[in-house]
file data_13.pdb (PDB, C-alpha atoms, pLDDT in the B column)
MODEL        1
ATOM      1  CA  MET N 234     -20.506  30.609 -14.560  1.00 91.00           C
ATOM      2  CA  ASN N 235     -24.232  30.323 -14.045  1.00 92.00           C
ATOM      3  CA  ASP N 236     -24.713  26.603 -14.724  1.00 91.00           C
ATOM      4  CA  TYR N 237     -21.867  26.331 -17.241  1.00 94.00           C
ATOM      5  CA  GLN N 238     -18.437  24.807 -16.801  1.00 92.00           C
ATOM      6  CA  PHE N 239     -15.169  25.841 -18.453  1.00 93.00           C
ATOM      7  CA  LYS N 240     -13.083  22.677 -18.659  1.00 92.00           C
ATOM      8  CA  LEU N 241      -9.359  22.813 -19.391  1.00 91.00           C
ATOM      9  CA  VAL N 242      -8.352  19.522 -20.955  1.00 92.00           C
ATOM     10  CA  LYS N 243      -5.235  18.012 -22.526  1.00 93.00           C
ATOM     11  CA  VAL N 244      -6.268  15.746 -25.355  1.00 93.00           C
ATOM     12  CA  GLN N 245      -4.338  13.345 -27.547  1.00 93.00           C
ATOM     13  CA  GLY N 246      -5.496  10.595 -29.869  1.00 94.00           C
ATOM     14  CA  GLU N 247      -8.926   9.721 -31.196  1.00 93.00           C
ATOM     15  CA  PHE N 248     -12.003  10.211 -29.079  1.00 92.00           C
ATOM     16  CA  VAL N 249     -15.204   8.221 -29.614  1.00 92.00           C
ATOM     17  CA  TRP N 250     -17.958   9.247 -32.015  1.00 94.00           C
ATOM     18  CA  HIS N 251     -20.759  10.850 -30.041  1.00 93.00           C
ATOM     19  CA  HIS N 252     -23.283  13.633 -29.895  1.00 93.00           C
ATOM     20  CA  HIS N 253     -24.953  15.640 -27.166  1.00 93.00           C
ATOM     21  CA  THR N 254     -28.719  15.568 -27.352  1.00 92.00           C
ATOM     22  CA  ASP N 255     -29.448  18.618 -25.243  1.00 92.00           C
ATOM     23  CA  THR N 256     -26.619  21.068 -25.713  1.00 95.00           C
ATOM     24  CA  ASP N 257     -24.162  22.702 -28.058  1.00 95.00           C
ATOM     25  CA  GLU N 258     -20.481  22.214 -27.147  1.00 95.00           C
ATOM     26  CA  ALA N 259     -17.833  24.907 -27.534  1.00 95.00           C
ATOM     27  CA  PHE N 260     -14.183  23.971 -28.216  1.00 95.00           C
ATOM     28  CA  ILE N 261     -11.461  26.605 -27.837  1.00 93.00           C
ATOM     29  CA  VAL N 262      -7.889  25.560 -28.628  1.00 94.00           C
ATOM     30  CA  ILE N 263      -5.379  27.008 -26.166  1.00 91.00           C
ATOM     31  CA  GLU N 264      -2.195  25.318 -27.404  1.00 93.00           C
ATOM     32  CA  GLY N 265      -1.512  22.911 -30.249  1.00 95.00           C
ATOM     33  CA  SER N 266      -4.030  21.838 -32.840  1.00 97.00           C
ATOM     34  CA  MET N 267      -6.822  19.320 -33.172  1.00 97.00           C
ATOM     35  CA  LYS N 268      -9.431  18.156 -35.633  1.00 97.00           C
ATOM     36  CA  ILE N 269     -13.091  17.468 -35.254  1.00 97.00           C
ATOM     37  CA  GLU N 270     -14.502  14.874 -37.610  1.00 97.00           C
ATOM     38  CA  PHE N 271     -18.106  15.035 -38.675  1.00 96.00           C
ATOM     39  CA  LYS N 272     -19.869  12.422 -40.762  1.00 95.00           C
ATOM     40  CA  GLU N 273     -19.259  14.327 -43.975  1.00 93.00           C
ATOM     41  CA  ASP N 274     -16.527  16.781 -43.112  1.00 95.00           C
ATOM     42  CA  THR N 275     -13.489  17.419 -40.927  1.00 97.00           C
ATOM     43  CA  ILE N 276     -12.386  20.743 -39.494  1.00 96.00           C
ATOM     44  CA  GLU N 277      -8.994  21.726 -38.134  1.00 97.00           C
ATOM     45  CA  LEU N 278      -8.666  23.986 -35.124  1.00 96.00           C
ATOM     46  CA  ASN N 279      -5.446  25.757 -34.192  1.00 95.00           C
ATOM     47  CA  ALA N 280      -4.459  27.727 -31.101  1.00 92.00           C
ATOM     48  CA  GLY N 281      -6.835  30.617 -30.544  1.00 88.00           C
ATOM     49  CA  GLU N 282      -9.568  29.138 -32.700  1.00 92.00           C
ATOM     50  CA  MET N 283     -13.015  28.185 -31.529  1.00 93.00           C
ATOM     51  CA  PHE N 284     -15.786  25.985 -32.845  1.00 95.00           C
ATOM     52  CA  VAL N 285     -19.255  25.270 -31.564  1.00 95.00           C
ATOM     53  CA  VAL N 286     -20.607  21.794 -32.294  1.00 95.00           C
ATOM     54  CA  PRO N 287     -24.398  22.123 -32.498  1.00 95.00           C
ATOM     55  CA  ARG N 288     -26.520  19.862 -30.346  1.00 94.00           C
ATOM     56  CA  GLY N 289     -27.355  16.529 -31.891  1.00 95.00           C
ATOM     57  CA  VAL N 290     -24.465  16.540 -34.357  1.00 96.00           C
ATOM     58  CA  GLU N 291     -22.268  13.408 -34.377  1.00 96.00           C
ATOM     59  CA  HIS N 292     -18.600  14.301 -34.001  1.00 96.00           C
ATOM     60  CA  ARG N 293     -15.238  12.833 -33.076  1.00 95.00           C
ATOM     61  CA  PRO N 294     -12.417  14.980 -31.701  1.00 95.00           C
ATOM     62  CA  ILE N 295      -8.910  13.934 -32.769  1.00 96.00           C
ATOM     63  CA  ALA N 296      -5.534  15.310 -31.741  1.00 96.00           C
ATOM     64  CA  GLU N 297      -2.440  13.871 -33.396  1.00 96.00           C
ATOM     65  CA  ASN N 298      -0.236  15.500 -30.776  1.00 96.00           C
ATOM     66  CA  GLU N 299      -1.079  16.670 -27.287  1.00 95.00           C
ATOM     67  CA  CYS N 300      -3.380  19.652 -27.474  1.00 95.00           C
ATOM     68  CA  LYS N 301      -4.661  21.897 -24.695  1.00 94.00           C
ATOM     69  CA  ILE N 302      -8.249  22.928 -25.084  1.00 94.00           C
ATOM     70  CA  MET N 303     -11.032  24.603 -23.180  1.00 93.00           C
ATOM     71  CA  ILE N 304     -14.497  23.101 -23.445  1.00 94.00           C
ATOM     72  CA  VAL N 305     -17.549  25.135 -22.467  1.00 94.00           C
ATOM     73  CA  GLU N 306     -20.767  23.296 -21.761  1.00 93.00           C
ATOM     74  CA  PRO N 307     -23.520  23.074 -19.170  1.00 93.00           C
ATOM     75  CA  ARG N 308     -22.674  21.409 -15.884  1.00 89.00           C
ATOM     76  CA  GLY N 309     -23.274  17.674 -15.843  1.00 81.00           C
ATOM     77  CA  VAL N 310     -22.767  16.974 -19.541  1.00 80.00           C
ATOM     78  CA  ALA N 311     -21.109  13.573 -20.081  1.00 80.00           C
ATOM     79  CA  ASN N 312     -17.943  13.933 -22.143  1.00 81.00           C
ATOM     80  CA  THR N 313     -18.928  11.090 -24.429  1.00 81.00           C
ATOM     81  CA  GLY N 314     -22.486  12.318 -24.804  1.00 80.00           C
ATOM     82  CA  SER N 315     -24.622   9.586 -26.298  1.00 76.00           C
ATOM     83  CA  ALA N 316     -21.797   7.030 -26.322  1.00 75.00           C
ATOM     84  CA  GLU N 317     -21.129   5.538 -22.895  1.00 71.00           C
ATOM     85  CA  SER N 318     -17.681   3.940 -23.046  1.00 71.00           C
ATOM     86  CA  ALA N 319     -14.413   3.397 -21.231  1.00 69.00           C
ATOM     87  CA  ARG N 320     -13.713   7.008 -22.139  1.00 73.00           C
ATOM     88  CA  THR N 321     -16.703   8.312 -20.175  1.00 74.00           C
ATOM     89  CA  ALA N 322     -15.269  10.436 -17.361  1.00 72.00           C
ATOM     90  CA  SER N 323     -16.782  11.064 -13.987  1.00 66.00           C
ATOM     91  CA  ASN N 324     -18.415  14.428 -13.952  1.00 64.00           C
ATOM     92  CA  ASP N 325     -18.334  17.234 -11.449  1.00 58.00           C
ATOM     93  CA  VAL N 326     -15.231  15.803  -9.811  1.00 57.00           C
ATOM     94  CA  TRP N 327     -12.652  18.469  -9.036  1.00 54.00           C
ATOM     95  CA  VAL N 328      -9.186  17.391 -10.110  1.00 45.00           C
TER      96      VAL N 328
ATOM     97  CA  MET Z 299     -23.528  28.302 -28.034  1.00 91.00           C
ATOM     98  CA  ASN Z 300     -26.977  27.494 -26.746  1.00 92.00           C
ATOM     99  CA  ASP Z 301     -28.092  30.972 -25.690  1.00 91.00           C
ATOM    100  CA  TYR Z 302     -24.616  32.183 -24.746  1.00 94.00           C
ATOM    101  CA  GLN Z 303     -22.359  34.582 -26.608  1.00 93.00           C
ATOM    102  CA  PHE Z 304     -18.561  34.620 -26.717  1.00 93.00           C
ATOM    103  CA  LYS Z 305     -17.579  38.237 -27.257  1.00 92.00           C
ATOM    104  CA  LEU Z 306     -14.084  39.204 -28.329  1.00 91.00           C
ATOM    105  CA  VAL Z 307     -13.413  42.737 -27.159  1.00 92.00           C
ATOM    106  CA  LYS Z 308     -10.482  45.158 -27.092  1.00 93.00           C
ATOM    107  CA  VAL Z 309     -10.687  47.232 -23.941  1.00 93.00           C
ATOM    108  CA  GLN Z 310      -8.712  50.208 -22.721  1.00 93.00           C
ATOM    109  CA  GLY Z 311      -9.378  52.690 -19.940  1.00 94.00           C
ATOM    110  CA  GLU Z 312     -11.900  52.639 -17.127  1.00 93.00           C
ATOM    111  CA  PHE Z 313     -15.336  51.205 -17.612  1.00 93.00           C
ATOM    112  CA  VAL Z 314     -18.338  52.253 -15.522  1.00 91.00           C
ATOM    113  CA  TRP Z 315     -19.283  50.661 -12.214  1.00 94.00           C
ATOM    114  CA  HIS Z 316     -22.111  48.215 -12.806  1.00 93.00           C
ATOM    115  CA  HIS Z 317     -23.533  44.832 -11.965  1.00 93.00           C
ATOM    116  CA  HIS Z 318     -25.646  42.270 -13.757  1.00 93.00           C
ATOM    117  CA  THR Z 319     -28.754  41.303 -11.866  1.00 92.00           C
ATOM    118  CA  ASP Z 320     -29.498  38.054 -13.632  1.00 92.00           C
ATOM    119  CA  THR Z 321     -26.221  36.515 -14.680  1.00 95.00           C
ATOM    120  CA  ASP Z 322     -22.608  35.794 -13.855  1.00 95.00           C
ATOM    121  CA  GLU Z 323     -20.066  37.220 -16.305  1.00 95.00           C
ATOM    122  CA  ALA Z 324     -16.904  35.394 -17.375  1.00 95.00           C
ATOM    123  CA  PHE Z 325     -13.771  37.339 -18.371  1.00 95.00           C
ATOM    124  CA  ILE Z 326     -10.912  35.555 -20.141  1.00 93.00           C
ATOM    125  CA  VAL Z 327      -7.820  37.593 -21.013  1.00 94.00           C
ATOM    126  CA  ILE Z 328      -6.441  36.748 -24.460  1.00 91.00           C
ATOM    127  CA  GLU Z 329      -3.652  39.331 -24.698  1.00 93.00           C
ATOM    128  CA  GLY Z 330      -2.434  42.014 -22.314  1.00 95.00           C
ATOM    129  CA  SER Z 331      -3.673  42.507 -18.787  1.00 97.00           C
ATOM    130  CA  MET Z 332      -6.570  44.176 -17.030  1.00 97.00           C
ATOM    131  CA  LYS Z 333      -7.951  44.726 -13.582  1.00 97.00           C
ATOM    132  CA  ILE Z 334     -11.414  44.345 -12.166  1.00 97.00           C
ATOM    133  CA  GLU Z 335     -12.237  46.600  -9.244  1.00 97.00           C
ATOM    134  CA  PHE Z 336     -14.747  45.515  -6.661  1.00 96.00           C
ATOM    135  CA  LYS Z 337     -16.005  47.659  -3.809  1.00 95.00           C
ATOM    136  CA  GLU Z 338     -13.480  46.195  -1.399  1.00 93.00           C
ATOM    137  CA  ASP Z 339     -10.907  44.574  -3.599  1.00 95.00           C
ATOM    138  CA  THR Z 340      -9.151  44.662  -6.971  1.00 97.00           C
ATOM    139  CA  ILE Z 341      -7.957  41.692  -8.987  1.00 96.00           C
ATOM    140  CA  GLU Z 342      -5.454  41.590 -11.814  1.00 97.00           C
ATOM    141  CA  LEU Z 343      -5.934  39.317 -14.792  1.00 96.00           C
ATOM    142  CA  ASN Z 344      -3.147  38.463 -17.216  1.00 95.00           C
ATOM    143  CA  ALA Z 345      -3.197  36.648 -20.549  1.00 92.00           C
ATOM    144  CA  GLY Z 346      -4.672  33.181 -20.178  1.00 88.00           C
ATOM    145  CA  GLU Z 347      -6.384  33.990 -16.902  1.00 91.00           C
ATOM    146  CA  MET Z 348     -10.091  33.857 -16.276  1.00 93.00           C
ATOM    147  CA  PHE Z 349     -12.420  35.284 -13.684  1.00 95.00           C
ATOM    148  CA  VAL Z 350     -16.148  34.915 -13.177  1.00 95.00           C
ATOM    149  CA  VAL Z 351     -17.919  37.923 -11.657  1.00 95.00           C
ATOM    150  CA  PRO Z 352     -20.927  36.554  -9.768  1.00 95.00           C
ATOM    151  CA  ARG Z 353     -24.333  38.010 -10.547  1.00 94.00           C
ATOM    152  CA  GLY Z 354     -25.248  41.057  -8.546  1.00 95.00           C
ATOM    153  CA  VAL Z 355     -21.671  42.019  -7.682  1.00 96.00           C
ATOM    154  CA  GLU Z 356     -20.683  45.630  -8.441  1.00 96.00           C
ATOM    155  CA  HIS Z 357     -17.521  45.776 -10.528  1.00 96.00           C
ATOM    156  CA  ARG Z 358     -15.521  48.057 -12.769  1.00 95.00           C
ATOM    157  CA  PRO Z 359     -13.167  46.689 -15.455  1.00 95.00           C
ATOM    158  CA  ILE Z 360     -10.008  48.734 -16.042  1.00 96.00           C
ATOM    159  CA  ALA Z 361      -7.243  48.293 -18.598  1.00 96.00           C
ATOM    160  CA  GLU Z 362      -4.269  50.626 -18.447  1.00 96.00           C
ATOM    161  CA  ASN Z 363      -3.169  49.507 -21.908  1.00 96.00           C
ATOM    162  CA  GLU Z 364      -5.174  47.933 -24.679  1.00 95.00           C
ATOM    163  CA  CYS Z 365      -6.192  44.434 -23.685  1.00 95.00           C
ATOM    164  CA  LYS Z 366      -7.923  41.734 -25.722  1.00 94.00           C
ATOM    165  CA  ILE Z 367     -10.488  39.773 -23.794  1.00 94.00           C
ATOM    166  CA  MET Z 368     -13.243  37.275 -24.321  1.00 93.00           C
ATOM    167  CA  ILE Z 369     -16.457  37.763 -22.393  1.00 94.00           C
ATOM    168  CA  VAL Z 370     -18.926  34.910 -22.009  1.00 94.00           C
ATOM    169  CA  GLU Z 371     -22.473  35.716 -21.006  1.00 93.00           C
ATOM    170  CA  PRO Z 372     -26.037  34.993 -22.041  1.00 93.00           C
ATOM    171  CA  ARG Z 373     -27.292  36.605 -25.228  1.00 89.00           C
ATOM    172  CA  GLY Z 374     -28.841  40.012 -24.718  1.00 81.00           C
ATOM    173  CA  VAL Z 375     -26.923  41.071 -21.608  1.00 80.00           C
ATOM    174  CA  ALA Z 376     -26.202  44.819 -21.617  1.00 80.00           C
ATOM    175  CA  ASN Z 377     -22.483  45.498 -21.270  1.00 81.00           C
ATOM    176  CA  THR Z 378     -23.058  48.093 -18.590  1.00 81.00           C
ATOM    177  CA  GLY Z 379     -25.562  45.946 -16.734  1.00 80.00           C
ATOM    178  CA  SER Z 380     -27.435  48.077 -14.248  1.00 76.00           C
ATOM    179  CA  ALA Z 381     -25.744  51.310 -15.313  1.00 75.00           C
ATOM    180  CA  GLU Z 382     -27.176  52.716 -18.536  1.00 71.00           C
ATOM    181  CA  SER Z 383     -24.624  55.204 -19.854  1.00 71.00           C
ATOM    182  CA  ALA Z 384     -22.856  56.528 -22.909  1.00 69.00           C
ATOM    183  CA  ARG Z 385     -20.847  53.310 -22.726  1.00 73.00           C
ATOM    184  CA  THR Z 386     -23.913  51.120 -23.163  1.00 74.00           C
ATOM    185  CA  ALA Z 387     -23.409  49.286 -26.454  1.00 72.00           C
ATOM    186  CA  SER Z 388     -26.056  48.044 -28.821  1.00 66.00           C
ATOM    187  CA  ASN Z 389     -26.536  44.349 -28.344  1.00 63.00           C
ATOM    188  CA  ASP Z 390     -26.812  41.520 -30.813  1.00 58.00           C
ATOM    189  CA  VAL Z 391     -25.340  43.684 -33.545  1.00 56.00           C
ATOM    190  CA  TRP Z 392     -22.781  41.795 -35.625  1.00 54.00           C
ATOM    191  CA  VAL Z 393     -19.647  43.824 -36.197  1.00 45.00           C
TER     192      VAL Z 393
ENDMDL
END
call {"tool": "encode", "arguments": {"input": "data_13.pdb", "output": "C-alpha cells"}}
result
Amino acid sequence: MNDYQFKLVKVQGEFVWHHHTDTDEAFIVIEGSMKIEFKEDTIELNAGEMFVVPRGVEHRPIAENECKIMIVEPRGVANTGSAESARTASNDVWV
Amino acid sequence: MNDYQFKLVKVQGEFVWHHHTDTDEAFIVIEGSMKIEFKEDTIELNAGEMFVVPRGVEHRPIAENECKIMIVEPRGVANTGSAESARTASNDVWV
C-alpha cells in the first residue's frame, strides 16, 4: 500500500545482525514463533504477536523452527539492512 | 511504525460509503469474514486474507457477523475518509 510492502516470509535459523538506517520494521508472526535478539535483550514473538524494531536498532531475527511471518516496511528496503551478505535478497522481485 | 498505524478493530454491520483522498488503506482479516463493497463490485475477505483499497476509491466495509480486522494506514487518517458522519471516530486516541 502506498509505498509500503507486506512481505510474507518463512524463516528458520539465525539471520545476520543488522539495522535499518532509514526505517522502522514491523514483524507480525502468522504461524509458529521466533525471537528477535537485541544487543542487550531478546524478545519472543508468538503467532498473532507483532513487534516494531525502531530504525537504527541492531537486531537479529532467530527462528528455531520454521515460522511464517509478515514483514511490513517501505518498498526497496534490503532485508539485511546495513549488513550486505550472502543472505541479502534481491528486492522488488515477485516470487 | 514510521508514521503508520496498525489498528486492531472489531467490526460488525454496514459502514458508510467513503474514500480516502490521500492514502491507500490495507485491510487484513484476523478472525471472521467481511465484505468490501465497491461501486461496481463486492469482495469477500476471510481470516488471513488481505486487501488494499487504493486511494480515492469509494468503498463500504460490511461485516454480517463480528469480525476482527487489522487496518494499516498513515497516522491521522479519519476512519470515514471523505464522509464525516456519526461513525467518524476520534483519531490518535489510545484505547
call {"tool": "atom_distance", "arguments": {"input": "data_13.pdb", "atom1": "CA of Ile328 (chain Z)", "atom2": "CA of Gln310 (chain Z)"}}
result
13.8 Å
call {"tool": "closest_atom_pairs", "arguments": {"input": "data_13.pdb", "of": "chain N", "to": "chain Z", "cutoff": "8 Å", "atoms": "all atoms listed in the file", "output": "JSON lines"}}
result
{"residue": "N:Met234", "atom": "CA", "partner": "Z:Asp322", "partner_atom": "CA", "distance": 5.6}
{"residue": "N:Asn235", "atom": "CA", "partner": "Z:Asp322", "partner_atom": "CA", "distance": 5.7}
{"residue": "N:Thr256", "atom": "CA", "partner": "Z:Asn300", "partner_atom": "CA", "distance": 6.5}
{"residue": "N:Asp257", "atom": "CA", "partner": "Z:Met299", "partner_atom": "CA", "distance": 5.6}
{"residue": "N:Glu258", "atom": "CA", "partner": "Z:Met299", "partner_atom": "CA", "distance": 6.9}
{"residue": "N:Ala259", "atom": "CA", "partner": "Z:Met299", "partner_atom": "CA", "distance": 6.6}
{"residue": "N:Val285", "atom": "CA", "partner": "Z:Met299", "partner_atom": "CA", "distance": 6.3}
{"residue": "N:Pro287", "atom": "CA", "partner": "Z:Met299", "partner_atom": "CA", "distance": 7.7}
call {"tool": "resolve_selection", "arguments": {"input": "data_13.pdb", "expression": "the PyMOL selection byres ((chain N and resi 269) around 9)", "output": "ChimeraX atom specification"}}
result
/N:267-268,270-271,274-278,292-296
call {"tool": "resolve_selection", "arguments": {"input": "data_13.pdb", "expression": "the PyMOL selection byres ((chain Z and resi 305) around 8)", "output": "list in words"}}
result
Gln303, Phe304, Leu306, Val307, Met368, Ile369 and Val370 of chain Z
call {"tool": "residues_around", "arguments": {"input": "data_13.pdb", "residues": "Ala280 (chain N)", "least_positions_apart": "2", "cutoff": "7 Å", "atoms": "only C-alpha atoms", "output": "PyMOL selection string"}}
result
chain N and resi 262-266+278+282
call {"tool": "write_last_selection", "arguments": {"input": "data_13.pdb", "atoms": "C-alpha atoms", "output": "short mmCIF file (atom, residue, chain, number, x, y, z; two decimals), keeping the file's coordinate frame"}}
result
data_model
loop_
_atom_site.label_atom_id
_atom_site.label_comp_id
_atom_site.auth_asym_id
_atom_site.auth_seq_id
_atom_site.Cartn_x
_atom_site.Cartn_y
_atom_site.Cartn_z
CA VAL N 262 -7.89 25.56 -28.63
CA ILE N 263 -5.38 27.01 -26.17
CA GLU N 264 -2.19 25.32 -27.40
CA GLY N 265 -1.51 22.91 -30.25
CA SER N 266 -4.03 21.84 -32.84
CA LEU N 278 -8.67 23.99 -35.12
CA GLU N 282 -9.57 29.14 -32.70
#
call {"tool": "closest_residue", "arguments": {"input": "data_13.pdb", "among": "Z:Thr319, Z:Lys308, Z:Ser383, Z:Phe325", "to": "Glu364 (chain Z)", "atoms": "all atoms listed in the file"}}
result
Z:Lys308
call {"tool": "resolve_selection", "arguments": {"input": "data_13.pdb", "expression": "the PyMOL selection byres ((chain N and resi 316) around 9)", "output": "PDB file with C-alpha atoms, in the frame of the given file"}}
result
ATOM      1  CA  VAL N 249     -15.204   8.221 -29.614  1.00 92.00           C
ATOM      2  CA  TRP N 250     -17.958   9.247 -32.015  1.00 94.00           C
ATOM      3  CA  HIS N 251     -20.759  10.850 -30.041  1.00 93.00           C
ATOM      4  CA  HIS N 252     -23.283  13.633 -29.895  1.00 93.00           C
ATOM      5  CA  ASN N 312     -17.943  13.933 -22.143  1.00 81.00           C
ATOM      6  CA  THR N 313     -18.928  11.090 -24.429  1.00 81.00           C
ATOM      7  CA  GLY N 314     -22.486  12.318 -24.804  1.00 80.00           C
ATOM      8  CA  SER N 315     -24.622   9.586 -26.298  1.00 76.00           C
ATOM      9  CA  GLU N 317     -21.129   5.538 -22.895  1.00 71.00           C
ATOM     10  CA  SER N 318     -17.681   3.940 -23.046  1.00 71.00           C
ATOM     11  CA  THR N 321     -16.703   8.312 -20.175  1.00 74.00           C
TER      12      THR N 321
END
call {"tool": "atom_distance", "arguments": {"input": "data_13.pdb", "atom1": "CA of Phe313 (chain Z)", "atom2": "CA of Glu338 (chain Z)"}}
result
17.1 Å
call {"tool": "axis_aligned_box", "arguments": {"input": "data_13.pdb", "around": "region 247-265 of chain N", "padding_each_side": "4 Å", "output": "JSON"}}
result
{"center_x": -15.5, "center_y": 17.6, "center_z": -28.6, "size_x": 35.9, "size_y": 26.8, "size_z": 14.8}
call {"tool": "calpha_fit_and_write", "arguments": {"input": "data_13.pdb", "fixed": "chain Z", "moving": "chain N", "output": "CSV table (one decimal) with C-alpha atoms, in the coordinates of the input"}}
result
chain,number,residue,atom,x,y,z
N,234,MET,CA,-23.5,28.3,-28.0
N,235,ASN,CA,-27.0,27.5,-26.8
N,236,ASP,CA,-28.1,31.0,-25.7
N,237,TYR,CA,-24.6,32.2,-24.7
N,238,GLN,CA,-22.4,34.6,-26.6
N,239,PHE,CA,-18.6,34.6,-26.7
N,240,LYS,CA,-17.6,38.3,-27.2
N,241,LEU,CA,-14.1,39.2,-28.3
N,242,VAL,CA,-13.4,42.7,-27.2
N,243,LYS,CA,-10.5,45.2,-27.1
N,244,VAL,CA,-10.7,47.2,-23.9
N,245,GLN,CA,-8.7,50.2,-22.7
N,246,GLY,CA,-9.4,52.7,-19.9
N,247,GLU,CA,-11.9,52.7,-17.1
N,248,PHE,CA,-15.3,51.2,-17.6
N,249,VAL,CA,-18.3,52.2,-15.5
N,250,TRP,CA,-19.3,50.6,-12.2
N,251,HIS,CA,-22.1,48.2,-12.8
N,252,HIS,CA,-23.5,44.8,-12.0
N,253,HIS,CA,-25.6,42.3,-13.8
N,254,THR,CA,-28.8,41.3,-11.9
N,255,ASP,CA,-29.5,38.0,-13.6
N,256,THR,CA,-26.2,36.5,-14.7
N,257,ASP,CA,-22.6,35.8,-13.8
N,258,GLU,CA,-20.1,37.2,-16.3
N,259,ALA,CA,-16.9,35.4,-17.4
N,260,PHE,CA,-13.8,37.3,-18.4
N,261,ILE,CA,-10.9,35.6,-20.1
N,262,VAL,CA,-7.8,37.6,-21.0
N,263,ILE,CA,-6.4,36.7,-24.4
N,264,GLU,CA,-3.6,39.3,-24.7
N,265,GLY,CA,-2.4,42.0,-22.3
N,266,SER,CA,-3.7,42.5,-18.8
N,267,MET,CA,-6.6,44.2,-17.0
N,268,LYS,CA,-8.0,44.7,-13.6
N,269,ILE,CA,-11.4,44.3,-12.2
N,270,GLU,CA,-12.2,46.6,-9.2
N,271,PHE,CA,-14.7,45.5,-6.7
N,272,LYS,CA,-16.0,47.7,-3.8
N,273,GLU,CA,-13.5,46.2,-1.4
N,274,ASP,CA,-10.9,44.6,-3.6
N,275,THR,CA,-9.1,44.7,-7.0
N,276,ILE,CA,-8.0,41.7,-9.0
N,277,GLU,CA,-5.4,41.6,-11.8
N,278,LEU,CA,-5.9,39.3,-14.8
N,279,ASN,CA,-3.1,38.5,-17.2
N,280,ALA,CA,-3.2,36.6,-20.5
N,281,GLY,CA,-4.6,33.2,-20.2
N,282,GLU,CA,-6.4,34.0,-16.9
N,283,MET,CA,-10.1,33.8,-16.3
N,284,PHE,CA,-12.4,35.3,-13.7
N,285,VAL,CA,-16.1,34.9,-13.2
N,286,VAL,CA,-17.9,37.9,-11.7
N,287,PRO,CA,-20.9,36.6,-9.8
N,288,ARG,CA,-24.3,38.0,-10.5
N,289,GLY,CA,-25.2,41.0,-8.5
N,290,VAL,CA,-21.7,42.0,-7.7
N,291,GLU,CA,-20.7,45.6,-8.4
N,292,HIS,CA,-17.5,45.8,-10.5
N,293,ARG,CA,-15.5,48.0,-12.8
N,294,PRO,CA,-13.2,46.7,-15.4
N,295,ILE,CA,-10.0,48.7,-16.0
N,296,ALA,CA,-7.2,48.3,-18.6
N,297,GLU,CA,-4.3,50.6,-18.4
N,298,ASN,CA,-3.2,49.5,-21.9
N,299,GLU,CA,-5.2,47.9,-24.7
N,300,CYS,CA,-6.2,44.4,-23.7
N,301,LYS,CA,-7.9,41.7,-25.7
N,302,ILE,CA,-10.5,39.8,-23.8
N,303,MET,CA,-13.2,37.3,-24.3
N,304,ILE,CA,-16.5,37.8,-22.4
N,305,VAL,CA,-18.9,34.9,-22.0
N,306,GLU,CA,-22.5,35.7,-21.0
N,307,PRO,CA,-26.0,35.0,-22.0
N,308,ARG,CA,-27.3,36.6,-25.2
N,309,GLY,CA,-28.9,40.0,-24.7
N,310,VAL,CA,-26.9,41.1,-21.6
N,311,ALA,CA,-26.2,44.8,-21.6
N,312,ASN,CA,-22.5,45.5,-21.3
N,313,THR,CA,-23.1,48.1,-18.6
N,314,GLY,CA,-25.6,46.0,-16.7
N,315,SER,CA,-27.4,48.1,-14.2
N,316,ALA,CA,-25.7,51.3,-15.3
N,317,GLU,CA,-27.2,52.7,-18.6
N,318,SER,CA,-24.6,55.2,-19.9
N,319,ALA,CA,-22.9,56.5,-23.0
N,320,ARG,CA,-20.9,53.3,-22.7
N,321,THR,CA,-23.9,51.1,-23.2
N,322,ALA,CA,-23.4,49.3,-26.5
N,323,SER,CA,-26.1,48.0,-28.8
N,324,ASN,CA,-26.5,44.4,-28.4
N,325,ASP,CA,-26.8,41.5,-30.8
N,326,VAL,CA,-25.4,43.7,-33.6
N,327,TRP,CA,-22.8,41.8,-35.7
N,328,VAL,CA,-19.7,43.8,-36.2
call {"tool": "atom_distance", "arguments": {"input": "data_13.pdb", "atom1": "CA of Ile302 (chain N)", "atom2": "CA of Gly289 (chain N)"}}
result
21.3 Å
call {"tool": "decode", "arguments": {"input": "data_13.pdb", "residues": "region 353-362 of chain Z", "atoms": "N, CA and C atoms", "output": "PDB file, in the first residue's frame"}}
result
ATOM      1  N   ARG Z 353      -6.176   4.536  -2.973  1.00  0.00           N
ATOM      2  CA  ARG Z 353      -6.647   5.877  -2.611  1.00  0.00           C
ATOM      3  C   ARG Z 353      -7.699   6.353  -3.613  1.00  0.00           C
ATOM      4  N   GLY Z 354      -8.662   7.064  -3.106  1.00  0.00           N
ATOM      5  CA  GLY Z 354      -9.649   7.668  -3.991  1.00  0.00           C
ATOM      6  C   GLY Z 354     -10.808   6.760  -4.376  1.00  0.00           C
ATOM      7  N   VAL Z 355     -10.721   5.482  -4.020  1.00  0.00           N
ATOM      8  CA  VAL Z 355     -11.767   4.542  -4.444  1.00  0.00           C
ATOM      9  C   VAL Z 355     -12.872   4.468  -3.379  1.00  0.00           C
ATOM     10  N   GLU Z 356     -14.106   4.746  -3.802  1.00  0.00           N
ATOM     11  CA  GLU Z 356     -15.263   4.657  -2.908  1.00  0.00           C
ATOM     12  C   GLU Z 356     -15.463   3.219  -2.456  1.00  0.00           C
ATOM     13  N   HIS Z 357     -15.658   3.023  -1.163  1.00  0.00           N
ATOM     14  CA  HIS Z 357     -15.875   1.659  -0.668  1.00  0.00           C
ATOM     15  C   HIS Z 357     -16.709   1.685   0.599  1.00  0.00           C
ATOM     16  N   ARG Z 358     -17.323   0.539   0.882  1.00  0.00           N
ATOM     17  CA  ARG Z 358     -18.109   0.401   2.099  1.00  0.00           C
ATOM     18  C   ARG Z 358     -17.842  -0.972   2.710  1.00  0.00           C
ATOM     19  N   PRO Z 359     -17.171  -1.001   3.872  1.00  0.00           N
ATOM     20  CA  PRO Z 359     -16.946  -2.275   4.570  1.00  0.00           C
ATOM     21  C   PRO Z 359     -18.249  -2.775   5.207  1.00  0.00           C
ATOM     22  N   ILE Z 360     -18.459  -4.070   5.139  1.00  0.00           N
ATOM     23  CA  ILE Z 360     -19.647  -4.696   5.734  1.00  0.00           C
ATOM     24  C   ILE Z 360     -19.232  -6.003   6.405  1.00  0.00           C
ATOM     25  N   ALA Z 361     -19.722  -6.199   7.631  1.00  0.00           N
ATOM     26  CA  ALA Z 361     -19.496  -7.491   8.291  1.00  0.00           C
ATOM     27  C   ALA Z 361     -20.823  -7.976   8.839  1.00  0.00           C
ATOM     28  N   GLU Z 362     -21.278  -9.110   8.333  1.00  0.00           N
ATOM     29  CA  GLU Z 362     -22.568  -9.643   8.783  1.00  0.00           C
ATOM     30  C   GLU Z 362     -22.471 -10.017  10.268  1.00  0.00           C
TER      31      GLU Z 362
END
